$ cat data.cif   # mmCIF, C-alpha atoms and all ligand atoms
data_protein
#
loop_
_atom_site.label_atom_id
_atom_site.label_comp_id
_atom_site.auth_asym_id
_atom_site.auth_seq_id
_atom_site.Cartn_x
_atom_site.Cartn_y
_atom_site.Cartn_z
CA MET A 28 -10.74 21.87 -8.52
CA LYS A 29 -7.61 20.29 -7.95
CA LYS A 30 -4.48 21.96 -7.75
CA HIS A 31 -1.44 20.23 -8.73
CA LEU A 32 1.22 20.70 -6.42
CA ILE A 33 4.35 21.80 -7.64
CA PRO A 34 6.95 20.05 -5.69
CA PHE A 35 8.00 22.75 -3.48
CA VAL A 36 11.35 21.50 -3.30
CA ALA A 37 13.70 24.11 -3.92
CA ALA A 38 13.70 26.82 -1.51
CA MET A 39 14.09 24.78 1.46
CA VAL A 40 15.56 24.11 4.37
CA SER A 41 17.49 26.86 5.63
CA LEU A 42 18.26 25.24 8.79
CA ALA A 43 19.38 27.47 11.33
CA VAL A 44 21.05 26.20 14.21
CA PHE A 45 21.95 27.63 17.35
CA GLY A 46 24.22 26.74 20.11
CA CYS A 47 23.62 26.92 23.55
CA SER A 48 23.66 26.86 27.13
CA GLU A 49 21.55 24.74 29.22
CA THR A 50 18.65 26.25 30.89
CA LYS A 51 19.45 26.62 34.41
CA THR A 52 16.62 26.40 36.72
CA PRO A 53 16.59 28.93 39.41
CA ALA A 54 15.21 27.61 42.55
CA THR A 55 12.17 29.14 43.98
CA GLU A 56 12.76 30.47 47.34
CA ASN A 57 12.19 27.75 49.72
CA LYS A 58 12.37 24.75 47.58
CA ALA A 59 15.30 22.58 48.20
CA ALA A 60 16.24 23.22 44.75
CA GLU A 61 18.78 21.34 42.88
CA THR A 62 21.78 23.39 42.67
CA VAL A 63 22.06 25.84 39.95
CA GLU A 64 25.39 25.58 38.35
CA LYS A 65 27.14 28.86 37.80
CA PRO A 66 27.69 31.74 40.07
CA ALA A 67 24.09 32.42 39.71
CA PRO A 68 22.84 35.91 39.57
CA ALA A 69 20.68 36.53 42.54
CA GLU A 70 17.73 37.58 40.48
CA ASN A 71 15.05 34.99 40.20
CA THR A 72 13.64 34.38 36.81
CA ALA A 73 10.66 32.63 38.31
CA ILE A 74 11.08 29.79 35.96
CA GLU A 75 10.47 26.57 37.70
CA LYS A 76 11.46 23.17 36.72
CA ALA A 77 8.67 21.03 35.38
CA SER A 78 7.88 17.74 36.96
CA PRO A 79 9.78 14.68 35.78
CA ALA A 80 6.59 13.32 34.21
CA GLU A 81 6.27 16.42 32.09
CA ASN A 82 9.73 15.92 30.73
CA ALA A 83 9.37 12.22 30.04
CA VAL A 84 8.44 12.82 26.42
CA GLU A 85 11.45 12.50 24.19
CA GLY A 86 12.57 15.64 22.42
CA THR A 87 10.60 17.97 24.67
CA LYS A 88 11.19 20.13 27.69
CA THR A 89 8.54 21.85 29.76
CA VAL A 90 9.12 25.05 31.68
CA THR A 91 6.60 26.89 33.84
CA LEU A 92 6.59 30.65 33.41
CA ALA A 93 6.04 33.22 36.11
CA ASN A 94 2.44 33.72 34.98
CA GLY A 95 1.72 30.03 35.46
CA ALA A 96 1.61 29.20 31.76
CA LYS A 97 3.68 26.33 30.47
CA VAL A 98 6.03 26.50 27.53
CA ILE A 99 7.15 23.28 25.93
CA TRP A 100 10.18 23.01 23.68
CA MET A 101 9.78 20.47 20.90
CA GLN A 102 12.76 19.29 18.90
CA ASP A 103 11.59 19.29 15.31
CA ASN A 104 14.72 17.94 13.65
CA GLN A 105 15.82 14.35 13.88
CA GLY A 106 19.04 13.49 15.58
CA GLU A 107 21.86 15.81 16.41
CA LYS A 108 22.32 19.11 14.62
CA LEU A 109 25.61 20.93 14.33
CA ASN A 110 25.88 24.14 12.36
CA PRO A 111 29.17 24.12 10.51
CA ARG A 112 31.90 26.72 10.42
CA SER A 113 30.99 27.43 6.78
CA LEU A 114 27.66 28.90 7.91
CA PHE A 115 29.45 31.73 9.71
CA SER A 116 31.52 33.49 7.07
CA ASP A 117 31.64 36.59 9.27
CA ALA A 118 33.73 34.76 11.88
CA SER A 119 37.49 34.66 11.60
CA ASP A 120 39.23 31.30 11.70
CA SER A 121 40.78 32.15 15.03
CA LEU A 122 37.49 33.18 16.59
CA PHE A 123 35.82 30.00 15.41
CA ALA A 124 38.72 27.89 16.58
CA SER A 125 38.47 29.47 20.02
CA LEU A 126 35.07 27.80 20.47
CA ASN A 127 36.64 24.37 20.41
CA MET A 128 33.78 23.10 18.31
CA PRO A 129 35.51 21.81 15.20
CA ASP A 130 32.51 19.72 14.15
CA GLY A 131 30.13 22.65 14.31
CA ILE A 132 28.03 24.57 16.80
CA PRO A 133 25.28 22.64 18.57
CA ALA A 134 21.86 23.69 17.31
CA SER A 135 18.40 22.39 16.51
CA VAL A 136 15.29 23.04 14.56
CA SER A 137 12.67 23.68 17.22
CA THR A 138 9.08 24.66 17.76
CA PHE A 139 7.44 25.79 21.00
CA LEU A 140 4.02 25.17 22.49
CA VAL A 141 2.52 27.50 25.08
CA GLN A 142 -0.32 26.22 27.22
CA VAL A 143 -2.34 28.94 28.90
CA ASP A 144 -5.97 29.26 29.96
CA GLY A 145 -6.74 25.86 28.47
CA LYS A 146 -5.40 26.90 25.09
CA ASN A 147 -2.60 25.40 23.03
CA ILE A 148 -0.56 27.99 21.16
CA LEU A 149 2.14 26.99 18.71
CA PHE A 150 5.13 29.13 17.75
CA ASP A 151 6.29 28.14 14.26
CA ALA A 152 5.52 24.79 12.68
CA GLY A 153 8.88 23.31 11.77
CA LEU A 154 10.09 21.30 8.80
CA GLY A 155 6.94 19.32 8.04
CA ALA A 156 7.58 17.02 5.09
CA PHE A 157 11.30 17.74 5.33
CA GLY A 158 11.80 15.59 8.40
CA GLY A 159 9.74 17.55 10.91
CA GLN A 160 8.85 15.89 14.21
CA THR A 161 6.45 18.47 15.65
CA THR A 162 3.19 16.60 15.08
CA LYS A 163 4.79 13.47 16.49
CA ARG A 164 5.92 15.38 19.57
CA LEU A 165 2.45 16.86 20.02
CA GLU A 166 0.89 13.41 19.86
CA ALA A 167 3.36 12.10 22.42
CA LEU A 168 2.31 14.99 24.67
CA GLY A 169 -1.33 13.97 24.21
CA ILE A 170 -2.18 16.91 22.00
CA ASN A 171 -3.96 16.60 18.69
CA ALA A 172 -3.20 19.01 15.85
CA ASP A 173 -6.85 20.04 16.01
CA ASP A 174 -6.31 21.19 19.61
CA ILE A 175 -4.00 23.98 18.42
CA THR A 176 -6.10 27.12 18.11
CA LEU A 177 -3.43 29.76 17.64
CA ILE A 178 -0.17 29.76 15.68
CA TYR A 179 2.38 32.56 15.70
CA LEU A 180 4.96 32.65 12.89
CA THR A 181 8.35 34.30 13.35
CA HIS A 182 9.06 34.29 9.61
CA PHE A 183 8.43 32.32 6.45
CA HIS A 184 11.55 30.20 5.88
CA ALA A 185 10.68 26.61 5.06
CA ASP A 186 11.91 25.20 8.36
CA HIS A 187 9.28 27.34 10.10
CA ILE A 188 6.22 26.99 7.89
CA ALA A 189 6.47 23.69 5.97
CA GLY A 190 4.99 21.97 9.04
CA LEU A 191 1.72 23.85 8.51
CA ILE A 192 0.76 21.61 5.60
CA THR A 193 0.60 17.93 4.77
CA LYS A 194 -0.74 15.72 1.96
CA ASP A 195 -4.21 14.28 2.17
CA GLY A 196 -5.12 10.82 0.88
CA GLU A 197 -5.22 12.10 -2.68
CA GLY A 198 -1.89 13.81 -2.51
CA LYS A 199 -3.38 17.26 -2.19
CA ASP A 200 -1.73 19.78 0.14
CA VAL A 201 -3.95 20.56 3.08
CA LYS A 202 -3.83 22.13 6.53
CA VAL A 203 -2.28 20.26 9.43
CA PHE A 204 -3.92 22.60 11.95
CA ASN A 205 -7.58 22.81 11.00
CA ASN A 206 -8.74 24.88 13.94
CA ALA A 207 -5.88 27.33 14.23
CA SER A 208 -5.82 31.05 13.58
CA VAL A 209 -2.44 31.84 12.07
CA TYR A 210 -0.72 35.13 12.93
CA ALA A 211 2.04 36.42 10.67
CA GLY A 212 3.75 39.77 10.21
CA LYS A 213 2.41 41.91 7.39
CA VAL A 214 5.92 42.98 6.41
CA GLU A 215 7.01 39.34 6.17
CA TYR A 216 3.92 38.37 4.25
CA ASP A 217 4.24 41.18 1.74
CA ALA A 218 7.93 40.48 1.17
CA TRP A 219 7.38 36.81 0.38
CA MET A 220 4.29 37.34 -1.71
CA ASN A 221 5.90 40.09 -3.80
CA ASP A 222 9.65 40.35 -3.60
CA ILE A 223 11.49 37.23 -2.54
CA PRO A 224 12.17 34.68 -5.28
CA LYS A 225 11.66 30.94 -4.79
CA ASN A 226 8.45 31.48 -2.89
CA ASP A 227 6.29 28.61 -4.15
CA LEU A 228 6.01 27.02 -0.73
CA GLN A 229 5.24 30.33 0.98
CA LYS A 230 2.51 31.19 -1.52
CA MET A 231 0.96 27.77 -1.26
CA VAL A 232 0.90 27.74 2.55
CA MET A 233 -0.62 31.23 2.73
CA GLU A 234 -3.26 30.28 0.17
CA ILE A 235 -4.19 27.16 2.13
CA TYR A 236 -4.54 29.18 5.35
CA LYS A 237 -6.07 32.31 3.85
CA ASP A 238 -9.36 31.86 5.70
CA SER A 239 -7.60 31.81 9.07
CA LEU A 240 -4.69 34.17 8.44
CA HIS A 241 -4.22 37.37 10.45
CA LEU A 242 -1.51 39.88 9.58
CA PHE A 243 -0.05 42.02 12.34
CA ALA A 244 2.20 45.05 12.60
CA PHE A 245 5.19 45.29 14.96
CA GLY A 246 4.08 46.51 18.36
CA ASP A 247 0.65 44.95 18.05
CA SER A 248 -0.72 43.19 21.07
CA LEU A 249 -2.10 39.87 19.91
CA PRO A 250 -4.42 37.26 21.46
CA ASN A 251 -3.42 36.02 24.92
CA GLY A 252 -1.29 39.10 25.47
CA VAL A 253 1.42 38.09 23.01
CA LEU A 254 3.44 41.07 21.81
CA ALA A 255 5.03 41.14 18.34
CA LEU A 256 8.46 42.83 18.26
CA ASP A 257 10.57 43.98 15.33
CA ALA A 258 13.60 41.74 14.82
CA VAL A 259 14.09 42.28 11.11
CA GLY A 260 17.25 41.35 9.28
CA HIS A 261 17.22 37.58 9.09
CA THR A 262 14.19 38.10 6.84
CA PRO A 263 12.40 41.35 5.99
CA GLY A 264 9.70 40.84 8.60
CA HIS A 265 11.43 38.60 11.13
CA THR A 266 9.50 38.85 14.39
CA VAL A 267 10.13 37.89 17.99
CA PHE A 268 7.24 37.36 20.37
CA GLN A 269 6.99 38.21 24.02
CA PHE A 270 4.61 36.35 26.28
CA GLY A 271 5.07 37.21 29.95
CA ASP A 272 8.69 36.48 30.78
CA LEU A 273 9.14 34.35 27.66
CA LEU A 274 10.74 35.75 24.52
CA VAL A 275 10.43 33.58 21.42
CA ILE A 276 13.38 34.75 19.37
CA GLY A 277 12.90 32.83 16.13
CA ASP A 278 16.10 32.88 14.07
CA LEU A 279 17.93 35.62 15.89
CA MET A 280 20.84 33.21 16.34
CA HIS A 281 21.99 30.09 14.51
CA GLY A 282 25.15 29.47 16.51
CA TYR A 283 24.42 30.37 20.10
CA ALA A 284 27.81 29.41 21.48
CA LEU A 285 29.36 31.89 19.07
CA GLN A 286 26.74 34.62 18.82
CA LYS A 287 25.88 35.00 22.51
CA ASP A 288 29.19 36.79 22.95
CA HIS A 289 29.56 37.94 19.36
CA PRO A 290 26.22 39.33 18.21
CA GLU A 291 28.09 41.11 15.42
CA ILE A 292 28.55 37.77 13.68
CA ASN A 293 25.78 36.76 11.31
CA SER A 294 24.93 33.39 9.92
CA ASN A 295 24.88 33.17 6.15
CA TYR A 296 21.11 32.66 6.35
CA ASP A 297 20.65 36.25 7.53
CA ILE A 298 19.41 38.17 4.51
CA ASP A 299 20.21 41.73 5.63
CA LYS A 300 23.48 41.59 7.54
CA GLU A 301 23.42 45.04 9.08
CA LYS A 302 19.86 44.84 10.24
CA SER A 303 20.46 41.35 11.58
CA ILE A 304 23.29 42.58 13.78
CA LYS A 305 21.26 45.51 15.08
CA SER A 306 18.29 43.32 15.87
CA ARG A 307 20.43 40.66 17.53
CA LYS A 308 22.08 43.22 19.80
CA ARG A 309 18.87 45.04 20.62
CA ILE A 310 16.79 41.95 21.33
CA MET A 311 19.48 40.26 23.42
CA GLN A 312 19.83 43.40 25.50
CA TYR A 313 16.07 43.63 25.88
CA ALA A 314 15.96 40.02 27.07
CA ARG A 315 18.74 40.62 29.56
CA GLU A 316 17.31 43.84 30.93
CA ASN A 317 13.91 42.32 31.41
CA LYS A 318 15.17 38.92 32.57
CA LEU A 319 13.29 37.10 29.87
CA LEU A 320 13.72 33.44 29.06
CA MET A 321 14.69 33.11 25.41
CA ALA A 322 13.24 30.30 23.34
CA GLY A 323 15.00 29.97 20.00
CA MET A 324 14.16 27.92 16.96
CA HIS A 325 17.83 27.03 16.47
CA LEU A 326 19.11 27.07 20.00
CA PRO A 327 20.77 23.83 21.00
CA PRO A 328 18.61 21.37 22.89
CA PRO A 329 16.62 22.08 25.00
CA GLY A 330 15.93 25.24 23.05
CA PHE A 331 16.08 27.78 25.88
CA ALA A 332 18.65 30.34 26.95
CA GLU A 333 18.74 32.94 29.66
ZN ZN B 401 15.17 28.84 10.62
#
$ encode --input "data.cif" --output "structure tokens" --more "lines below"
Ligand SMILES: [Zn+2]
Amino acid sequence: MKKHLIPFVAAMVSLAVFGCSETKTPATENKAAETVEKPAPAENTAIEKASPAENAVEGTKTVTLANGAKVIWMQDNQGEKLNPRSLFSDASDSLFASLNMPDGIPASVSTFLVQVDGKNILFDAGLGAFGGQTTKRLEALGINADDITLIYLTHFHADHIAGLITKDGEGKDVKVFNNASVYAGKVEYDAWMNDIPKNDLQKMVMEIYKDSLHLFAFGDSLPNGVLALDAVGHTPGHTVFQFGDLLVIGDLMHGYALQKDHPEINSNYDIDKEKSIKSRKRIMQYARENKLLMAGMHLPPPGFAE
């Protein structure tokens, strides 16, 4: 039977953006590494620069993790993204002015692909019909949507899940990723199915993927050794994922240049302000203490921060 799709317009696009620092690439010991800018901390993050060929694809950046897996940033939004001052009501005028970013804080909408043991694992799916570039980036990397066998979702805002679906020839909403198991937090799922208004898109996506949906609890160890960590606040079940020395931080920050030094400042997209601040502080400290590479869905290009 055919289901008529309600234009799932409304709820959309809470674009988070995030500002950022460039990924610096610590040299491995005896490589004549290109110089790392900054009075670099002596610790090695074991993140090596990918080959030039790997970074030839527009809107992507490949990094090799200490465990040998590759993580590829994919810019999902088109063009440049600046998150405006109006998104950060918590910040005083003088604090914002001190950034010297009058046009807004550099950010992006991003997705990340991890390649490990011959598998392609996607973290979030991007904007989809709302301008998303993820499937295009995958194709440019030589990867078909059907090659993705695992998808981890940080939360259910439209700029993270709309890319899971597309229209078929008859205008029916269908899966983009036919062979993927989708992992989502149970807390996030329950909140969107029951409590959060304007959830037409979320309900539709979860219905379409119900045969391949797996709900996890915080602390669960998931396939390929991915660990799901509590980062609630932005949404009720907002999750960050650790994979080796990679920490996929979802929407922990929307204005990196501001929030890296001021984690007490929320973006207006953060639903629970107090919890958002606590999670931001705790997760950033965790990343620092464990020397994890952060990959953020709204970090400025190229999507990584250390
Ligand atoms: Zn977002």
$ residues_near_ligand --input "data.cif" --ligand "ligand ZN 401 (chain B)" --cutoff "12 Å" --atoms "all atoms listed in the file" --output "PDB file with C-alpha atoms, in the frame of the given file"
ATOM      1  CA  MET A  39      14.090  24.780   1.460  1.00  0.00           C
ATOM      2  CA  VAL A  40      15.560  24.110   4.370  1.00  0.00           C
ATOM      3  CA  SER A  41      17.490  26.860   5.630  1.00  0.00           C
ATOM      4  CA  LEU A  42      18.260  25.240   8.790  1.00  0.00           C
ATOM      5  CA  ALA A  43      19.380  27.470  11.330  1.00  0.00           C
ATOM      6  CA  VAL A  44      21.050  26.200  14.210  1.00  0.00           C
ATOM      7  CA  PHE A  45      21.950  27.630  17.350  1.00  0.00           C
ATOM      8  CA  ASP A 103      11.590  19.290  15.310  1.00  0.00           C
ATOM      9  CA  ASN A 104      14.720  17.940  13.650  1.00  0.00           C
ATOM     10  CA  ASN A 110      25.880  24.140  12.360  1.00  0.00           C
ATOM     11  CA  ALA A 134      21.860  23.690  17.310  1.00  0.00           C
ATOM     12  CA  SER A 135      18.400  22.390  16.510  1.00  0.00           C
ATOM     13  CA  VAL A 136      15.290  23.040  14.560  1.00  0.00           C
ATOM     14  CA  SER A 137      12.670  23.680  17.220  1.00  0.00           C
ATOM     15  CA  THR A 138       9.080  24.660  17.760  1.00  0.00           C
ATOM     16  CA  ASP A 151       6.290  28.140  14.260  1.00  0.00           C
ATOM     17  CA  ALA A 152       5.520  24.790  12.680  1.00  0.00           C
ATOM     18  CA  GLY A 153       8.880  23.310  11.770  1.00  0.00           C
ATOM     19  CA  LEU A 154      10.090  21.300   8.800  1.00  0.00           C
ATOM     20  CA  LEU A 180       4.960  32.650  12.890  1.00  0.00           C
ATOM     21  CA  THR A 181       8.350  34.300  13.350  1.00  0.00           C
ATOM     22  CA  HIS A 182       9.060  34.290   9.610  1.00  0.00           C
ATOM     23  CA  PHE A 183       8.430  32.320   6.450  1.00  0.00           C
ATOM     24  CA  HIS A 184      11.550  30.200   5.880  1.00  0.00           C
ATOM     25  CA  ALA A 185      10.680  26.610   5.060  1.00  0.00           C
ATOM     26  CA  ASP A 186      11.910  25.200   8.360  1.00  0.00           C
ATOM     27  CA  HIS A 187       9.280  27.340  10.100  1.00  0.00           C
ATOM     28  CA  ILE A 188       6.220  26.990   7.890  1.00  0.00           C
ATOM     29  CA  ALA A 189       6.470  23.690   5.970  1.00  0.00           C
ATOM     30  CA  HIS A 261      17.220  37.580   9.090  1.00  0.00           C
ATOM     31  CA  THR A 262      14.190  38.100   6.840  1.00  0.00           C
ATOM     32  CA  HIS A 265      11.430  38.600  11.130  1.00  0.00           C
ATOM     33  CA  ILE A 276      13.380  34.750  19.370  1.00  0.00           C
ATOM     34  CA  GLY A 277      12.900  32.830  16.130  1.00  0.00           C
ATOM     35  CA  ASP A 278      16.100  32.880  14.070  1.00  0.00           C
ATOM     36  CA  LEU A 279      17.930  35.620  15.890  1.00  0.00           C
ATOM     37  CA  MET A 280      20.840  33.210  16.340  1.00  0.00           C
ATOM     38  CA  HIS A 281      21.990  30.090  14.510  1.00  0.00           C
ATOM     39  CA  GLY A 282      25.150  29.470  16.510  1.00  0.00           C
ATOM     40  CA  SER A 294      24.930  33.390   9.920  1.00  0.00           C
ATOM     41  CA  ASN A 295      24.880  33.170   6.150  1.00  0.00           C
ATOM     42  CA  TYR A 296      21.110  32.660   6.350  1.00  0.00           C
ATOM     43  CA  ASP A 297      20.650  36.250   7.530  1.00  0.00           C
ATOM     44  CA  ILE A 298      19.410  38.170   4.510  1.00  0.00           C
ATOM     45  CA  GLY A 323      15.000  29.970  20.000  1.00  0.00           C
ATOM     46  CA  MET A 324      14.160  27.920  16.960  1.00  0.00           C
ATOM     47  CA  HIS A 325      17.830  27.030  16.470  1.00  0.00           C
ATOM     48  CA  LEU A 326      19.110  27.070  20.000  1.00  0.00           C
TER      49      LEU A 326
END
$ residues_around --input "data.cif" --residues "Lys230 in chain A" --least-positions-apart "3" --cutoff "8 Å" --atoms "all atoms listed in the file" --output "JSON, numbers by chain"
{"A": [219, 220, 226, 227, 233, 234]}
$ write_last_selection --input "data.cif" --atoms "C-alpha atoms" --output "mmCIF file, in the frame of the given file"
data_model
loop_
_atom_site.group_PDB
_atom_site.id
_atom_site.type_symbol
_atom_site.label_atom_id
_atom_site.label_comp_id
_atom_site.auth_asym_id
_atom_site.auth_seq_id
_atom_site.Cartn_x
_atom_site.Cartn_y
_atom_site.Cartn_z
ATOM 1 C CA TRP A 219 7.380 36.810 0.380
ATOM 2 C CA MET A 220 4.290 37.340 -1.710
ATOM 3 C CA ASN A 226 8.450 31.480 -2.890
ATOM 4 C CA ASP A 227 6.290 28.610 -4.150
ATOM 5 C CA MET A 233 -0.620 31.230 2.730
ATOM 6 C CA GLU A 234 -3.260 30.280 0.170
#
$ atom_distance --input "data.cif" --atom1 "CA of Phe157 in chain A" --atom2 "CA of Ala83 in chain A"
25.4 Å
$ atom_distance --input "data.cif" --atom1 "CA of Ala244 in chain A" --atom2 "CA of Phe270 in chain A"
16.4 Å
$ closest_residue --input "data.cif" --among "A:Val143, A:Met101, A:Ala172, A:Leu319" --to "Gly159 in chain A" --atoms "all atoms listed in the file"
A:Met101
$ atom_distance --input "data.cif" --atom1 "CA of Lys305 in chain A" --atom2 "CA of His289 in chain A"
12.0 Å
$ closest_residue --input "data.cif" --among "A:Phe245, A:Phe139, A:Tyr313, A:Phe331" --to "Gly212 in chain A" --atoms "all atoms listed in the file"
A:Phe245
$ closest_residue --input "data.cif" --among "A:Thr87, A:Val209, A:Asn147, A:Arg307" --to "Gly330 in chain A" --atoms "only C-alpha atoms"
A:Thr87
$ closest_residue --input "data.cif" --among "A:Ile192, A:Ala322, A:Ala314, A:Val84" --to "Met231 in chain A" --atoms "all atoms listed in the file"
A:Ile192
$ residues_around --input "data.cif" --residues "Leu140 in chain A" --least-positions-apart "2" --cutoff "7 Å" --atoms "only C-alpha atoms" --output "PyMOL selection string"
chain A and resi 98-100+138+142+147-150
$ residues_around --input "data.cif" --residues "Asn205 in chain A" --least-positions-apart "2" --cutoff "6 Å" --atoms "all atoms listed in the file" --output "number ranges by chain"
A: 173, 202, 207
$ closest_residue --input "data.cif" --among "A:Gly95, A:Gly106, A:Gly145, A:Pro250" --to "Ser208 in chain A" --atoms "only C-alpha atoms"
A:Pro250
$ closest_residue --input "data.cif" --among "A:Ala218, A:Val203, A:Ile292, A:Leu109" --to "Ile235 in chain A" --atoms "all atoms listed in the file"
A:Val203
